[in-house]
file final-v9.cif (mmCIF, C-alpha atoms)
data_work
loop_
_atom_site.label_atom_id
_atom_site.label_comp_id
_atom_site.auth_asym_id
_atom_site.auth_seq_id
_atom_site.Cartn_x
_atom_site.Cartn_y
_atom_site.Cartn_z
CA MET A 1 242.31 -115.18 155.36
CA THR A 2 243.16 -118.91 155.35
CA ARG A 3 245.42 -120.57 152.77
CA GLY A 4 242.35 -122.07 151.10
CA GLY A 5 240.70 -118.65 151.05
CA ARG A 6 243.78 -117.12 149.41
CA GLN A 7 243.79 -119.84 146.73
CA ILE A 8 240.10 -119.19 146.04
CA THR A 9 240.77 -115.45 145.75
CA VAL A 10 243.72 -116.02 143.38
CA ALA A 11 241.43 -118.25 141.26
CA TRP A 12 238.80 -115.48 141.20
CA GLY A 13 241.50 -112.99 140.12
CA TYR A 14 242.44 -115.31 137.23
CA LEU A 15 238.77 -115.71 136.21
CA VAL A 16 238.16 -111.94 136.13
CA ALA A 17 241.45 -111.29 134.28
CA ALA A 18 240.63 -114.01 131.72
CA THR A 19 237.17 -112.47 131.21
CA ALA A 20 238.74 -109.05 130.64
CA LEU A 21 241.22 -110.59 128.17
CA CYS A 22 238.33 -112.17 126.22
CA GLY A 23 236.56 -108.79 126.16
CA TRP A 24 239.71 -107.07 124.85
CA LEU A 25 240.28 -109.77 122.19
CA ILE A 26 236.74 -109.32 120.91
CA GLU A 27 237.03 -105.52 120.88
CA THR A 28 240.21 -105.65 118.83
CA HIS A 29 239.88 -108.82 116.73
CA ARG A 30 236.16 -109.48 116.32
CA GLY A 31 235.07 -111.84 113.56
CA VAL A 32 238.44 -113.59 113.24
CA ARG A 33 238.51 -117.38 113.56
CA TRP A 34 241.60 -117.64 115.74
CA THR A 35 240.05 -115.19 118.21
CA ALA A 36 237.00 -117.47 118.44
CA VAL A 37 239.24 -120.48 119.12
CA VAL A 38 241.32 -118.63 121.77
CA VAL A 39 238.20 -117.27 123.51
CA THR A 40 236.65 -120.76 123.63
CA LEU A 41 239.86 -122.26 125.06
CA ILE A 42 240.04 -119.50 127.68
CA ALA A 43 236.42 -120.26 128.63
CA SER A 44 237.32 -123.95 129.04
CA SER A 45 240.27 -123.04 131.28
CA LYS A 46 237.90 -120.91 133.39
CA VAL A 47 235.52 -123.84 133.79
CA TYR A 48 238.47 -126.01 134.86
CA VAL A 49 239.46 -123.45 137.52
CA ILE A 50 235.85 -123.16 138.79
CA THR A 51 235.48 -126.94 139.12
CA ASN A 52 238.81 -127.37 140.90
CA ARG A 53 239.02 -124.28 143.11
CA PHE A 54 235.40 -123.33 143.77
CA MET A 55 233.64 -126.71 143.54
CA LYS A 56 236.62 -128.46 145.19
CA LEU A 57 236.57 -131.30 142.67
CA ASN A 58 240.35 -131.58 143.05
CA VAL A 59 239.71 -133.39 146.35
CA ALA A 60 236.69 -135.39 145.09
CA PRO A 61 236.78 -139.12 144.23
CA LEU A 62 238.20 -140.05 140.82
CA PHE A 63 234.79 -140.91 139.31
CA TRP A 64 233.40 -137.40 139.82
CA ARG A 65 236.58 -135.68 138.71
CA ALA A 66 236.60 -137.83 135.57
CA ALA A 67 232.87 -137.26 134.89
CA VAL A 68 233.16 -133.47 135.05
CA GLY A 69 236.49 -133.55 133.17
CA ILE A 70 234.90 -135.58 130.36
CA TRP A 71 231.96 -133.15 130.24
CA LEU A 72 234.38 -130.24 129.87
CA LEU A 73 236.28 -132.04 127.06
CA ILE A 74 233.03 -132.86 125.24
CA ALA A 75 231.62 -129.32 125.68
CA THR A 76 234.86 -127.81 124.33
CA ALA A 77 234.99 -130.32 121.46
CA VAL A 78 231.33 -129.64 120.60
CA VAL A 79 231.94 -125.89 120.33
CA LEU A 80 235.38 -125.99 118.65
CA PRO A 81 234.60 -128.01 115.47
CA GLY A 82 232.35 -125.14 114.43
CA PHE A 83 235.54 -123.27 113.60
CA MET B 1 244.82 -151.40 153.94
CA THR B 2 247.57 -149.08 155.11
CA ALA B 3 247.10 -146.06 157.33
CA SER B 4 248.03 -143.73 154.45
CA SER B 5 245.46 -145.26 152.09
CA VAL B 6 242.78 -144.94 154.78
CA SER B 7 243.58 -141.27 155.31
CA SER B 8 243.79 -140.73 151.53
CA SER B 9 240.33 -142.20 150.90
CA ALA B 10 238.89 -140.24 153.83
CA ALA B 11 240.37 -137.03 152.43
CA ARG B 12 238.77 -137.62 149.00
CA SER B 13 235.18 -136.69 149.56
CA LEU B 14 232.53 -135.14 147.35
CA PRO B 15 231.39 -131.75 148.66
CA GLY B 16 227.64 -131.98 149.34
CA GLU B 17 225.02 -134.60 148.57
CA GLN B 18 225.76 -137.17 145.87
CA GLY B 19 222.20 -136.72 144.50
CA VAL B 20 222.90 -133.04 143.87
CA TRP B 21 225.99 -134.00 141.88
CA VAL B 22 223.97 -136.46 139.78
CA PHE B 23 221.52 -133.62 139.05
CA ILE B 24 224.45 -131.30 138.21
CA LEU B 25 225.89 -133.81 135.72
CA ILE B 26 222.49 -134.36 134.06
CA ASP B 27 221.88 -130.61 133.85
CA MET B 28 225.34 -129.97 132.39
CA SER B 29 224.75 -132.72 129.80
CA PHE B 30 221.43 -131.05 128.86
CA PHE B 31 223.26 -127.77 128.22
CA CYS B 32 225.92 -129.63 126.22
CA VAL B 33 223.20 -130.92 123.85
CA ILE B 34 221.88 -127.35 123.44
CA PHE B 35 225.42 -126.13 122.68
CA ALA B 36 225.72 -128.81 119.98
CA SER B 37 222.40 -127.71 118.41
CA PHE B 38 223.53 -124.07 118.44
CA VAL B 39 226.86 -124.89 116.78
CA HIS B 40 225.10 -127.09 114.19
CA GLU B 41 222.70 -124.25 113.25
CA ARG B 42 225.52 -121.70 113.21
CA ALA B 43 227.46 -123.81 110.71
CA GLY B 44 224.61 -123.33 108.25
CA GLY B 45 224.27 -119.57 108.75
CA ALA B 46 227.57 -118.07 109.89
CA GLU B 47 226.86 -114.64 108.34
CA LEU B 48 223.38 -114.39 109.95
CA PHE B 49 224.76 -115.44 113.35
CA PHE B 50 227.63 -112.94 113.05
CA ARG B 51 225.30 -110.03 112.17
CA SER B 52 222.73 -110.97 114.83
CA GLN B 53 225.40 -111.32 117.52
CA ARG B 54 226.45 -107.70 116.92
CA SER B 55 223.01 -106.59 118.18
CA LEU B 56 223.92 -107.88 121.64
CA ASP B 57 225.61 -105.63 124.19
CA VAL B 58 228.94 -107.35 124.92
CA HIS B 59 229.64 -104.95 127.80
CA LEU B 60 226.49 -106.05 129.64
CA GLY B 61 227.53 -109.66 129.06
CA LEU B 62 231.01 -108.93 130.45
CA ILE B 63 229.55 -107.18 133.53
CA ASN B 64 227.20 -110.10 134.11
CA THR B 65 230.09 -112.57 133.84
CA VAL B 66 232.12 -110.69 136.45
CA VAL B 67 229.04 -110.37 138.72
CA LEU B 68 228.40 -114.13 138.57
CA LEU B 69 232.10 -114.99 139.07
CA THR B 70 232.19 -112.69 142.10
CA SER B 71 229.09 -114.31 143.52
CA SER B 72 230.63 -117.76 143.03
CA TRP B 73 233.84 -116.54 144.72
CA LEU B 74 231.85 -115.37 147.78
CA VAL B 75 230.07 -118.74 148.01
CA ALA B 76 233.42 -120.55 147.72
CA LEU B 77 234.79 -118.40 150.58
CA ALA B 78 231.71 -119.21 152.67
CA THR B 79 232.20 -122.96 152.23
CA ASP B 80 236.00 -122.90 152.47
CA THR B 81 236.34 -122.80 156.22
CA ALA B 82 232.72 -123.23 157.19
CA PRO B 83 233.42 -125.57 160.15
CA GLY B 84 235.39 -122.92 162.00
CA LYS B 85 233.73 -119.84 160.57
CA PRO B 86 231.08 -117.93 162.53
CA ARG B 87 227.57 -118.51 161.16
CA GLY B 88 227.08 -114.75 160.85
CA LYS B 89 230.02 -114.42 158.45
CA ILE B 90 228.81 -117.35 156.31
CA ARG B 91 225.34 -115.80 156.14
CA SER B 92 226.80 -112.43 155.10
CA LEU B 93 228.87 -113.99 152.31
CA LEU B 94 225.88 -116.00 151.02
CA GLY B 95 223.62 -112.94 151.29
CA ILE B 96 225.95 -110.81 149.14
CA ALA B 97 226.28 -113.73 146.69
CA ALA B 98 222.48 -113.93 146.38
CA LEU B 99 222.41 -110.16 145.83
CA CYS B 100 224.95 -110.56 142.99
CA GLY B 101 222.63 -113.20 141.51
CA ALA B 102 219.78 -110.68 141.68
CA VAL B 103 221.94 -108.07 139.91
CA PHE B 104 222.69 -110.65 137.18
CA ALA B 105 218.96 -111.33 136.75
CA ALA B 106 218.13 -107.61 136.66
CA ILE B 107 220.74 -106.92 133.96
CA LYS B 108 219.48 -109.90 131.95
CA ILE B 109 215.87 -108.68 132.12
CA ALA B 110 216.99 -105.15 131.14
CA GLU B 111 218.79 -106.71 128.16
CA TYR B 112 215.66 -108.62 127.09
CA THR B 113 213.60 -105.44 127.40
CA THR B 114 216.02 -103.44 125.22
CA LEU B 115 216.03 -106.14 122.54
CA ILE B 116 212.25 -106.52 122.51
CA ARG B 117 211.80 -102.71 122.28
CA ALA B 118 214.14 -102.79 119.27
CA GLY B 119 211.79 -105.30 117.64
CA ILE B 120 213.97 -108.35 118.31
CA SER B 121 212.28 -111.46 119.68
CA PRO B 122 212.81 -115.25 119.67
CA VAL B 123 211.04 -115.47 116.30
CA THR B 124 213.31 -112.89 114.60
CA ASN B 125 215.77 -115.55 113.38
CA ASP B 126 217.57 -118.76 114.45
CA PHE B 127 220.26 -116.91 116.37
CA PHE B 128 217.78 -115.03 118.54
CA MET B 129 215.69 -118.16 119.03
CA PHE B 130 218.81 -119.78 120.55
CA TYR B 131 219.82 -116.60 122.38
CA PHE B 132 216.48 -116.23 124.18
CA PHE B 133 216.08 -119.96 124.80
CA ILE B 134 219.58 -120.62 126.19
CA SER B 135 219.84 -117.42 128.25
CA PHE B 136 216.30 -117.83 129.62
CA ILE B 137 216.88 -121.43 130.71
CA HIS B 138 220.07 -120.23 132.41
CA LEU B 139 218.21 -117.31 134.01
CA VAL B 140 215.71 -119.77 135.52
CA HIS B 141 218.70 -121.64 137.03
CA VAL B 142 220.01 -118.35 138.47
CA LEU B 143 216.61 -117.55 140.02
CA ALA B 144 216.44 -121.04 141.54
CA GLY B 145 219.97 -120.53 142.90
CA ILE B 146 218.98 -117.21 144.48
CA VAL B 147 216.09 -118.96 146.24
CA VAL B 148 218.44 -121.71 147.52
CA LEU B 149 221.04 -119.19 148.75
CA THR B 150 218.33 -117.09 150.43
CA MET B 151 217.06 -120.20 152.22
CA MET B 152 220.61 -120.85 153.47
CA VAL B 153 220.90 -117.25 154.69
CA ARG B 154 217.59 -117.44 156.55
CA LYS B 155 218.52 -120.63 158.45
CA ARG B 156 218.76 -119.96 162.17
CA GLY B 157 220.87 -121.90 164.66
CA GLY B 158 223.81 -121.88 167.03
CA GLU B 159 227.20 -120.34 166.34
CA ALA B 160 228.64 -123.54 164.78
CA LEU B 161 227.23 -125.32 161.74
CA LEU B 162 225.83 -128.85 162.23
CA VAL B 163 227.15 -131.63 159.97
CA SER B 164 223.81 -131.76 158.09
CA GLU B 165 223.90 -127.98 157.61
CA ARG B 166 227.43 -128.22 156.32
CA ASN B 167 226.27 -130.80 153.78
CA SER B 168 223.37 -128.57 152.67
CA LEU B 169 225.72 -125.62 152.35
CA ASP B 170 228.15 -127.63 150.18
CA SER B 171 225.26 -128.89 148.00
CA ALA B 172 223.86 -125.37 147.52
CA ALA B 173 227.36 -124.08 146.74
CA SER B 174 227.97 -126.83 144.16
CA TYR B 175 224.71 -125.96 142.40
CA TRP B 176 225.60 -122.25 142.37
CA HIS B 177 229.06 -122.94 140.93
CA MET B 178 227.43 -125.08 138.23
CA VAL B 179 225.20 -122.12 137.29
CA ASP B 180 228.36 -120.01 137.08
CA LEU B 181 230.36 -122.45 134.94
CA ILE B 182 227.46 -122.94 132.52
CA TRP B 183 227.38 -119.14 132.03
CA VAL B 184 231.14 -119.14 131.48
CA MET B 185 230.52 -121.41 128.44
CA ILE B 186 227.34 -119.62 127.28
CA PHE B 187 228.82 -116.10 127.35
CA PRO B 188 231.49 -116.54 124.66
CA MET B 189 229.21 -118.75 122.58
CA LEU B 190 226.37 -116.21 122.43
CA TYR B 191 228.22 -112.89 122.72
CA LEU B 192 231.77 -113.29 121.52
CA VAL B 193 232.52 -116.24 119.31
CA SER B 194 231.51 -115.62 115.73
CA TRP B 195 233.12 -114.86 112.41
CA ARG B 196 232.15 -113.98 108.87
#

call {"tool": "encode", "arguments": {"input": "final-v9.cif", "output": "structure tokens"}}
result
Amino acid sequence: MTRGGRQITVAWGYLVAATALCGWLIETHRGVRWTAVVVTLIASSKVYVITNRFMKLNVAPLFWRAAVGIWLLIATAVVLPGF
Amino acid sequence: MTASSVSSSAARSLPGEQGVWVFILIDMSFFCVIFASFVHERAGGAELFFRSQRSLDVHLGLINTVVLLTSSWLVALATDTAPGKPRGKIRSLLGIAALCGAVFAAIKIAEYTTLIRAGISPVTNDFFMFYFFISFIHLVHVLAGIVVLTMMVRKRGGEALLVSERNSLDSAASYWHMVDLIWVMIFPMLYLVSWR
């Protein structure tokens, strides 16, 4: 496997582990506000990893990185104030 | 312009067609508006949303998340070293990714069937109206992605990818990753994040 392939696989490992962590948090602390905030922030971090490692936005021109970054900030901000 | 700035600007390139990225941004913005509507409605009925959310099978949602992440990982591996990778290997990776997409769709349809048999439909309450609407719109994106990936798998040609094929592959991959990242935001919103 190439270096790029290894980085992609490490990113996938993080995404699956983060998903499992969210599942565990909900099983043990469902209905608690801080759990909702943590789970949302974990989801945002997963989106960041997908855009940078899978979509290769880390090597894209600044405009596109900024556009997707702003979308992620807005999407997170839209969901978080509900708490 | 120095040699380093030339090489730096050459290295910074958008994977795939720019038009596909414009579509991706517009689509993501559309979902963002739906998220805002969902959160606005939830603020007025936290208890109803909390109770309704408990009717959903979190385990199926978790399995679907892992299935979609795995499919995205396979597509990322296919595009990673596509110039030097044998066409057969790229096609295998994309084929398995499309199969993962089909598994996602099958689980989603099974979930809808279970809910409808239990008497739950989009008109049951506001939560389920959003649940069916958001997840169905996303499911349509998944089905479109499966069609795109299947078309990439069925493409015939020589051992090496042409530049135009490489561009199509990157565009298809970007779309598929977008479908994945939208689900990553939808999953906690619909299945996990709620409180009394």

call {"tool": "resolve_selection", "arguments": {"input": "final-v9.cif", "expression": "the PyMOL selection byres ((chain B) within 9 of (chain A))", "output": "PyMOL selection string"}}
result
chain B and resi 9+11-15+21+25+28-29+31-33+35-36+38-40+42-43+50+58-59+62+65-66+69-70+72-73+75-77+80-81+170+173-174+177-178+180-182+184-185+187-189+192-196

call {"tool": "atom_distance", "arguments": {"input": "final-v9.cif", "atom1": "atom CA of B:Ser71", "atom2": "atom CA of B:Glu17"}}
result
21.3 Å

call {"tool": "atom_distance", "arguments": {"input": "final-v9.cif", "atom1": "atom CA of B:Met129", "atom2": "atom CA of B:Asp57"}}
result
16.8 Å

call {"tool": "closest_residue", "arguments": {"input": "final-v9.cif", "among": "B:Val148, B:Ile34, B:Leu56, B:Leu139", "to": "B:Ile116", "atoms": "only C-alpha atoms"}}
result
B:Leu56

call {"tool": "closest_residue", "arguments": {"input": "final-v9.cif", "among": "B:Leu169, B:Ile186, B:Leu60, B:Arg156", "to": "B:Tyr112", "atoms": "only C-alpha atoms"}}
result
B:Leu60

call {"tool": "atom_distance", "arguments": {"input": "final-v9.cif", "atom1": "atom CA of A:Asn52", "atom2": "atom CA of B:Gln18"}}
result
17.1 Å
